[in-house]
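Participant: Let me give you the structure first, and then I'll get to my questions.
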Amino acid sequence: MTPRFIVALLAAALLIPATFAQSKIRVEKATDIPRFTYQLDGNLEDVVRTDARFAAFTREHRANVESVLAKYEIADKASLRGLLSTLVAIDYLDGRFDDALKNSTLVRELEEKPADKLLSGLFLSAAVEAQKQVGNANSDAYRAALRKRLSDALESLPFDVVQNEVRELKMRAEINSESMALGYVRDVLQPTKEKAGSLSSDLAPALIGARYRLQVSLPLKQTLVDTYTAYLAKHTVAKKDIWAARDVALAANAAYKPVTVAVWDSGSDTALFQKQVVRGADGKALVIAFDKYSKPSKGDLHPIPAALKSRLPVMQSRTKGFSDLQANIDSKEATEVKQYLSGLKKDEYKAAIEEIRLAGNYMHGTHVAGITLAGNPFARLVTARIEFGHTLVPDPCPSREQAKRDADAMFAYVNFFRKHKVRVVNMSWGGDAKSIEGELELCGVGKTPADREKLARELFDISRSSMTKAFASAPEILFVTAAGNENGDSTFNEAIPAAIVLPNLLTVGAVDLAGDEASFTSYGPMVKVHANGYQVESYLPGGARVAESGTSMASPQIAGLAAKILAVNPKLKPTQIVDIIVTTAEKTADGRRTLANPKKAVAAAIAAVKR
């Protein structure tokens, strides 16, 4: 029974006007959802492992979540799913299986993507049924019953809809380990709590996730891996590729014009794109770079600490391993990644995760550049390098001084683009106000959530304003950006640059090979077009090719398309390019996706020349 229905019953019983009784405070953005603080003494790992301490914490957290659901009308299904999913985990861990199933049903009703709606609560239902049948969740009989029920449930689903998501479930099970479950608690939450003496409701739910993994997921690791493996082995029909027929490559001998494109990212291995690189008077690749403190820097690639340079081959191998795991490819690299993460010792988590994040930063920009330039011999690359932090505790920590340096750097980048006649800029990065709050807490800045909320809003407004003004100052440039990988509404989350409204800014969502919405892609009114962002192959520094997934891979597909349009019709303005891309795209029946059609878009641009 939902809180709204309960209120309606009470209103009728007491003869109170229902409209008055049901009124709630409307929440239109993520930062307006109330925060709470938890005073958690001692070791947080003990909170996770000790029944009494965990129960005391979850009683308080449950009450807070239920108060939010009762008092607030949250205009975002993803946020509601998050709150209810926390209650599902608490209920299940408490043995309140019927309550867990009820809340799980509410979560499923809030799911917005077809695969998510089909898979939501599937494991929970199978686990509850198996437990009711067998009783002992630690027995072989329970594991066999669970596998049978989960297998039967999967068999009832359309494989063409859920296959990507089942592969991801298998991958998560394969890399699960005690260190992976507790590492964030030990190395991030514990020092954060020691700085402030408490944890906010933004961070504290990770304790619930850690206990759930320890008590539920990890003991069933092999059962889950075996179940998903068997299902995927039985169903091998690949999705139909809709993009091959839509793709367009410009002939090198055509009478088209060069177009300058900037990849504003973590850096590009410009040696891989020799003939397409814009060069300065000194003959070197044209690069503008700022480090993570927004201070001028040099070099076309994200810097690697000297102590880790020898590990670059390992980092690259693990990048391929993660990609293969996601695609359910049984490679030596995938096997090594599974063994590595599953075997992490207690004191190895921090270094391992930070190295993985650093490797991602190092390789990201080159991969994006390869996608942007593909099929367009007339594209000319300018590298705009931005350095991303990779440490678990932010470095630098958010501050007014840093926000102002970031703002100055923002204008420097855009002025550089204007000076060198850049026509299209790809931005496969972003942030939001809520994430700044989280970073402030991790850094120990602000005594209370209210203090952090106020400062985060100030810093976010500086960033959003500078970004908006910088883009607006270059109306001749089309800025193309990724929607984000939060599986939420970019507008509700105030994502930047994704949710900035400007005529020369285009936000891109991700779909897969068949045009189905990617599990990770963010969405919302600012997402005007979708492109393939699932297992897209491109370059890594040095020249190896690997498939990667993310809206980071979808955005450069559209930036590259914009560059092709400009090559065949250089007179078009950003608004005209956006109009061509969107109007030649296909709107899907569910209204959620607008699938780009590069071939039709380029044809429309050519036709416009003749008019």
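A note on labels: chains of the structure tokens are A, B, ... as shown, every chain counts residues from 1, and ligands are counted from 1 in their shown order.
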Could you please write out, as a list of chain:residue names, every residue of range 204-284 of chain A that DSSP assigns to strand (DSSP E or B)?

Facilitator: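 For range 204-284 of chain A, the strand (DSSP E or B) set is A:Val259, A:Thr260, A:Val261, A:Ala262, A:Val263, A:Trp264, A:Asp265, A:Val277, A:Arg279.
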
Participant: Write out as a list in words the residues lying within 9 Å of Ser399 in chain A, counting only C-alpha atoms and excluding same-chain residues fewer than 3 positions away.

Facilitator: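 Here the qualifying residues turn out to be Pro396, Gln402, Ala403, Lys404, Leu440, Leu455, Ala456 and Leu459 of chain A.
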
Participant: Please determine, counting only C-alpha atoms, which residue among A:Lys587, A:Lys338, A:Lys309, A:Arg457 has the shortest atom-to-atom distance to Tyr362 in chain A.

Facilitator: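 Ranked by minimum distance to Tyr362 in chain A, first place goes to A:Lys309.
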
Participant: What are the DSSP alpha helix (DSSP H) residues of range 344-592 of chain A, as a PyMOL selection string?

Facilitator: chain A and resi 349-373+400-419+433-442+449-472+551-568+574-583

Participant: Could you check which of A:Gly560, A:Pro377, A:Gly591, A:Gly509 is closest to Asn253 in chain A, using only C-alpha atoms?

Facilitator: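 The shortest atom-to-atom distance to Asn253 in chain A comes from A:Pro377.
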
Participant: In Å, with one decimal, what is the gap from CA of Arg147 in chain A to CA of Thr223 in chain A?

Facilitator: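 About the pair CA of Arg147 in chain A and CA of Thr223 in chain A: they are 6.6 Å apart.
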
Participant: Residues at most 6 Å from Leu344 in chain A, counting only C-alpha atoms, excluding those fewer than 3 positions away in the same chain, as a ChimeraX atom specification?

Facilitator: /A:179,341,348

Participant: Store the residues picked out above, limited to all heavy atoms, as a PDB file, in the first residue's frame.

Facilitator:
```pdb
ATOM      1  N   SER A 179      37.026  -7.825  -0.601  1.00  0.00           N
ATOM      2  CA  SER A 179      37.743  -6.547  -0.692  1.00  0.00           C
ATOM      3  C   SER A 179      36.965  -5.540  -1.530  1.00  0.00           C
ATOM      4  O   SER A 179      36.944  -4.346  -1.223  1.00  0.00           O
ATOM      5  CB  SER A 179      39.142  -6.760  -1.281  1.00  0.00           C
ATOM      6  OG  SER A 179      39.971  -7.430  -0.367  1.00  0.00           O
ATOM      7  N   LEU A 341      40.775  -8.764  -9.407  1.00  0.00           N
ATOM      8  CA  LEU A 341      39.838  -8.093  -8.510  1.00  0.00           C
ATOM      9  C   LEU A 341      39.272  -9.048  -7.462  1.00  0.00           C
ATOM     10  O   LEU A 341      39.050  -8.654  -6.318  1.00  0.00           O
ATOM     11  CB  LEU A 341      38.714  -7.449  -9.314  1.00  0.00           C
ATOM     12  CG  LEU A 341      39.141  -6.275 -10.201  1.00  0.00           C
ATOM     13  CD1 LEU A 341      37.959  -5.748 -11.006  1.00  0.00           C
ATOM     14  CD2 LEU A 341      39.769  -5.154  -9.390  1.00  0.00           C
ATOM     15  N   GLU A 348      44.895  -3.638  -0.574  1.00  0.00           N
ATOM     16  CA  GLU A 348      45.204  -3.417  -1.982  1.00  0.00           C
ATOM     17  C   GLU A 348      44.086  -2.686  -2.743  1.00  0.00           C
ATOM     18  O   GLU A 348      44.282  -2.265  -3.878  1.00  0.00           O
ATOM     19  CB  GLU A 348      45.471  -4.760  -2.673  1.00  0.00           C
ATOM     20  CG  GLU A 348      46.725  -5.459  -2.182  1.00  0.00           C
ATOM     21  CD  GLU A 348      46.918  -6.840  -2.792  1.00  0.00           C
ATOM     22  OE1 GLU A 348      45.910  -7.436  -3.252  1.00  0.00           O
ATOM     23  OE2 GLU A 348      48.064  -7.325  -2.814  1.00  0.00           O
TER      24      GLU A 348
END
```

Participant: Hey, which of A:Asp516, A:Asp160, A:Asp282, A:Glu441 ends up closest to Val237 in chain A? Count only C-alpha atoms.

Facilitator: A:Asp160

Participant: Quick one: everything within 9 Å of Leu87 in chain A, counting only C-alpha atoms, minus sequence neighbours fewer than 3 positions away in the same chain. Send it as a ChimeraX atom specification.

Facilitator: /A:62,65-66,82-84,90-92,99-100,103-104
